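Asker: Below you will find the structure I want to go over with you.
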Amino acid sequence: MQGIITFKGKEKGLEIYLDERSTYPVLREELMEKLKKNQDFFRDSETRVIIRGKKLSEAQRKELRRVFAMDFGIRDVIYGDEADLMREAELKIEKPPEAAHPAARDEYTDEVELVSNAYFDAQSIFLNNTVRSGQRIECEGDIVVIGDVNPGGEVIAGGSIAVFGRLRGLAHAGCAGRKDVCVAAVNMCPKQLRLSGRVVTFPGEREEVHGPEVAELRDGKVVIRPVSVK
Amino acid sequence: MENVIVITSGKGGVGKTTSTANLGTGLAMQGKKVVLVDTDIGLRNLDVVLGLENRIVYDLVDVVEGTCKLKQALIKDKRYEGLYLLPAAQTRNKMAVAPEQMKELVAELEQEFDYVLIDCPAGIERGFKNAVAGAKSAIVVTVPEVSSVRDADRIIGLLSANGIEDVRLLINRLRPDLVRKGDMLAIDDTLEILGIDLIGVIPEDEMIFRSSNLGEPAVTDNTSLAGEAYRNVTKRILGEDVPMLDLEQKAGFFGRIKRLFSK
């Protein structure tokens with residue numbers, strides 16, 4: 001673990017370097033630990049933190065920003081590529097005027113982020129075509145398919161799956177263990193369905209299904225219900 | 001459709017080679033200059049179906065390796081004006097040719113001919129990649145059977161990944177009597193799964209066996225229902241708007257008798 005995160009003091013704050021060879025979850029853990037140990041040092045909320053090194057996704061950036069803001073009171077967190085862009089911009093453009101009620105705005109943002117907490121760190125896929133035999137769509141977040149999932153096609157999501165068409169291939173929602181997931185389809189007729197750790201098979205033909213349905217976990221069992229019935 | 005068409009299916013034995021022979025001959029009968037390219041290296045049989053087996057001297061691999069000129073390897077079918085065959089090598093395997101080489105070859109053929117029909121081998125490996133390398137359009141052949149339809153689905157996805165968007169479906173060996181009994185996938189069911197345009201439906205026809213063994217494509221036979229279906233597909237390739245054959249009515253025993261007399 002030693003050395004995957006490097007701190008460097010700069011004139012106006014702190015530069016943190018994240019090792020590119022490491023993965024995000026490891027880096028996040030390590031960073032939290034280091035920050036907690038040196039908490040006093042960061043008590044000054046004027047500190048600017050620049051994060052460099054490992055490329056982070058938009059969701060990961062957001063998460064780190066939130067951690068800095070909530071746990072350490074540091075709101076000025078920017079990333080290396082942004083910092084490089086800003087350096088020039090700062091010279092030319094005046095800073096926009098502060099919002100009239102900055103406090104109110106912050107509250108609102110926090111609320112929004114809490115609502116979407118379940119989807120944190122996960123990117124979703126919106127697919128505007130049919131998933132054909134032999135194609136495999138994988139995603140840590142949710143997957144929406146506008147089209148059919150044909151026999152032999154596979155849709156694997158960490159989150160939920162929605163198929164705006166006929167689901168005849170394999171759908172696996174919650175593949176990493178999440179249980180609050182569902183598989184919804186306008187026409188649900190798969191041969192097999194997977195929710196979290198559960199696998200259910202449909203021995204007969206489910207062609208005679210009418211209307212959109214949702215499959216979800218209830219008390220560890222897979223339940224399929226029409227979308228209209230809660 | 002475009003002038004370079006690959007005839008493919010994924011699954012073997014659904015009638016790619018028979019369809020290539022029939023559509024090629026059909027196009028030649030319509031006055032087009034056509035070349036049929038057999039890319040099934042190591043398992044060639046388009047030459048047999050066309051009855052040109054005995055005339056092969058050079059083949060596709062010879063052309064690609066520079067052993068002979070393209071013109072030397074082309075076999076002219078003496079029965080139909082404008083029909084040529086570029087046979088596959090039988091003693092080599094698919095690795096003897098690379099997709100880039102196929103692309104060059106097809107580009108060269110395209111200069112000479114109105115239509116280039118490429119007969120694709122079964123499978124999705126090198127042979128498939130070779131066959132689709134130079135193609136602009138594709139005809140996917142399937143029989144009304146779930147395993148074949150699933151393979152066709154896979155192939156459509158792969159064609160799209162190779163940048164071929166003009167893809168038509170040819171349903172082969174349909175038996176209306178079995179469809180009626182619910183023992184065979186109906187045309188609509190197949191189309192619903194695959195979601196591409198239909199270019200034709202070829203009924204199951206015993207004459208196909210005969211014509212393949214004789215080396216005379218059924219498309220030339222006016223009494224064959226499959227032949228008529230292939231003629232219609234040929235016209236659709238040329239852009240004509242031909243209604244689909246009413247197989248229900250014509251496939252019956254009396255229908256066939258009537259057809260024999262009406263010709």
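In the structure tokens, the first chain shown is A, the next is B, and so on; residue numbers restart at 1 for each chain, and ligands run from 1 in the order shown.
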Show me, as JSON, numbers by chain, the residues of chain B whose atoms get within 8 Å of chain A, using only C-alpha atoms for the distance check.
Answerer: {"B": [150, 151, 153, 154, 156, 157, 193]}
Asker: Go ahead and save the picked residues with C-alpha atoms, as a PDB file, in the first residue's frame.
Answerer:
```pdb
ATOM      1  CA  ARG B 150     -30.197 -17.793 -33.729  1.00  0.00           C
ATOM      2  CA  ASP B 151     -27.072 -18.166 -35.850  1.00  0.00           C
ATOM      3  CA  ASP B 153     -29.088 -13.282 -35.604  1.00  0.00           C
ATOM      4  CA  ARG B 154     -25.455 -13.568 -34.583  1.00  0.00           C
ATOM      5  CA  ILE B 156     -26.497  -9.973 -38.590  1.00  0.00           C
ATOM      6  CA  GLY B 157     -24.782  -8.499 -35.548  1.00  0.00           C
ATOM      7  CA  ILE B 193     -36.757 -12.096 -34.140  1.00  0.00           C
TER       8      ILE B 193
END
```
Asker: Please provide the set of residues having any atom within 8 Å of stretch 191-201 of chain A, restricted to only C-alpha atoms, with same-chain residues fewer than 4 positions apart removed, written as a list in words.
Answerer: Arg168, Gly169, Leu170, Ala171, His172, Ala173, Gly174, Cys175, Ala176, Gly177, Arg178, Lys179, Val181, Cys182, Val183, Glu216, Leu217, Gly220, Lys221 and Val222 of chain A
Asker: Which residues are close to stretch 22-37 of chain A, i.e. within 12 Å by only C-alpha atoms, leaving aside same-chain residues fewer than 3 positions away? Reply as a PyMOL selection string.
Answerer: chain A and resi 1-7+14+16-19+40-43+49+51+53-57+59-61+63-65+67-68+71-74+121
Asker: For B:Leu169, please output as a list in words all residues within 10 Å (counting only C-alpha atoms; exclusion window: fewer than 2 positions along the same chain).
Answerer: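 The residues that qualify are Ile7, Thr8, Ser9, Ala138, Ile139, Val140, Val141, Thr142, Ala152, Ile156, Val167, Ile171, Asn172, Thr190, Leu191, Leu194, Gly195, Ile196, Asp197, Leu198, Ile199, Gly200 and Val201 of chain B.
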Asker: Excluding B:Gln30 and residues on its chain fewer than 5 positions from it, collect all residues at most 10 Å away from it, counting only C-alpha atoms, and give them as a tab-separated table (two decimals) with C-alpha atoms, in the first residue's frame.
Answerer:
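Generated output (result_3.tsv):
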```
chain	number	residue	atom	x	y	z
B	24	GLY	CA	-25.84	-16.02	-59.72
B	25	THR	CA	-27.34	-18.01	-62.56
B	81	GLU	CA	-23.71	-15.84	-70.99
B	82	GLY	CA	-21.97	-13.69	-68.40
B	231	ARG	CA	-36.09	-15.99	-60.04
B	234	THR	CA	-33.05	-12.29	-58.50
B	235	LYS	CA	-35.46	-9.60	-59.67
B	238	LEU	CA	-32.06	-5.92	-59.35
```
Asker: Might you pull out every residue within 12 Å of A:Val145, with only C-alpha atoms counted and same-chain residues fewer than 2 positions away left off, and present them as a compact mmCIF listing (two decimals) with C-alpha atoms, in the first residue's frame?
Answerer:
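The resulting file, out-v4.txt, is reproduced below:
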```txt
# COMPACT_ATOMS: atom_id res chain seq x y z
CA SER A 124 -25.35 3.42 -17.02
CA ILE A 125 -25.81 2.36 -20.62
CA PHE A 126 -28.61 3.47 -22.89
CA LEU A 127 -28.70 1.23 -25.92
CA ASN A 128 -30.74 2.21 -28.93
CA ASN A 129 -30.73 -1.06 -30.84
CA THR A 130 -31.46 -4.75 -30.57
CA VAL A 131 -29.05 -6.99 -28.67
CA ARG A 132 -28.43 -9.92 -30.99
CA ILE A 137 -23.68 -5.77 -22.91
CA GLU A 138 -22.04 -5.27 -19.51
CA ASP A 142 -28.20 0.21 -15.13
CA ILE A 143 -28.87 -0.81 -18.70
CA GLY A 147 -35.17 -2.83 -28.82
CA ASP A 148 -35.25 -6.58 -28.27
CA VAL A 149 -32.81 -8.85 -26.49
CA ASN A 150 -32.71 -11.89 -28.77
CA GLY A 153 -27.83 -12.17 -26.39
CA GLU A 154 -26.68 -11.23 -22.88
CA VAL A 155 -27.33 -8.14 -20.80
CA ILE A 156 -25.39 -8.04 -17.53
CA ALA A 157 -25.86 -5.11 -15.15
CA SER A 160 -31.32 -2.84 -13.00
CA ILE A 161 -32.28 -3.63 -16.58
CA ALA A 162 -35.13 -2.23 -18.65
CA VAL A 163 -35.94 -3.65 -22.08
CA PHE A 164 -38.29 -1.66 -24.26
CA GLY A 165 -39.02 -4.64 -26.42
CA ARG A 166 -39.03 -8.41 -26.14
CA LEU A 167 -36.62 -10.01 -23.70
CA ALA A 171 -30.67 -10.69 -18.40
CA VAL A 183 -35.56 -6.50 -14.69
CA ALA A 184 -38.37 -4.87 -16.61
CA ALA A 185 -39.47 -5.72 -20.12
CA VAL A 186 -42.36 -4.81 -22.36
```
Asker: Find the residues near B:Ile124: any atom within 9 Å, counting only C-alpha atoms, skip ones fewer than 4 places away on the same chain, and give them as a list in words.
Answerer: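 The filter keeps Gly10, Phe128, Lys129, Arg154, Ile155 and Leu158 of chain B.
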Asker: Write the residues you've just listed into a file as an mmCIF file, in the first residue's frame, and include N, CA and C atoms for each of them.
Answerer:
```
data_model
loop_
_atom_site.group_PDB
_atom_site.id
_atom_site.type_symbol
_atom_site.label_atom_id
_atom_site.label_comp_id
_atom_site.auth_asym_id
_atom_site.auth_seq_id
_atom_site.Cartn_x
_atom_site.Cartn_y
_atom_site.Cartn_z
ATOM 1 N N GLY B 10 -23.989 -18.317 -41.017
ATOM 2 C CA GLY B 10 -23.531 -18.770 -39.713
ATOM 3 C C GLY B 10 -23.593 -20.281 -39.640
ATOM 4 N N PHE B 128 -15.337 -16.539 -42.537
ATOM 5 C CA PHE B 128 -16.391 -15.515 -42.545
ATOM 6 C C PHE B 128 -15.779 -14.131 -42.737
ATOM 7 N N LYS B 129 -14.690 -13.882 -42.007
ATOM 8 C CA LYS B 129 -14.046 -12.567 -42.100
ATOM 9 C C LYS B 129 -13.536 -12.318 -43.513
ATOM 10 N N ARG B 154 -26.860 -13.824 -34.899
ATOM 11 C CA ARG B 154 -25.455 -13.568 -34.583
ATOM 12 C C ARG B 154 -24.730 -12.966 -35.787
ATOM 13 N N ILE B 155 -25.014 -13.548 -36.950
ATOM 14 C CA ILE B 155 -24.370 -13.094 -38.179
ATOM 15 C C ILE B 155 -24.765 -11.655 -38.510
ATOM 16 N N LEU B 158 -22.747 -9.422 -36.469
ATOM 17 C CA LEU B 158 -21.352 -9.361 -36.924
ATOM 18 C C LEU B 158 -21.221 -8.570 -38.225
#
```
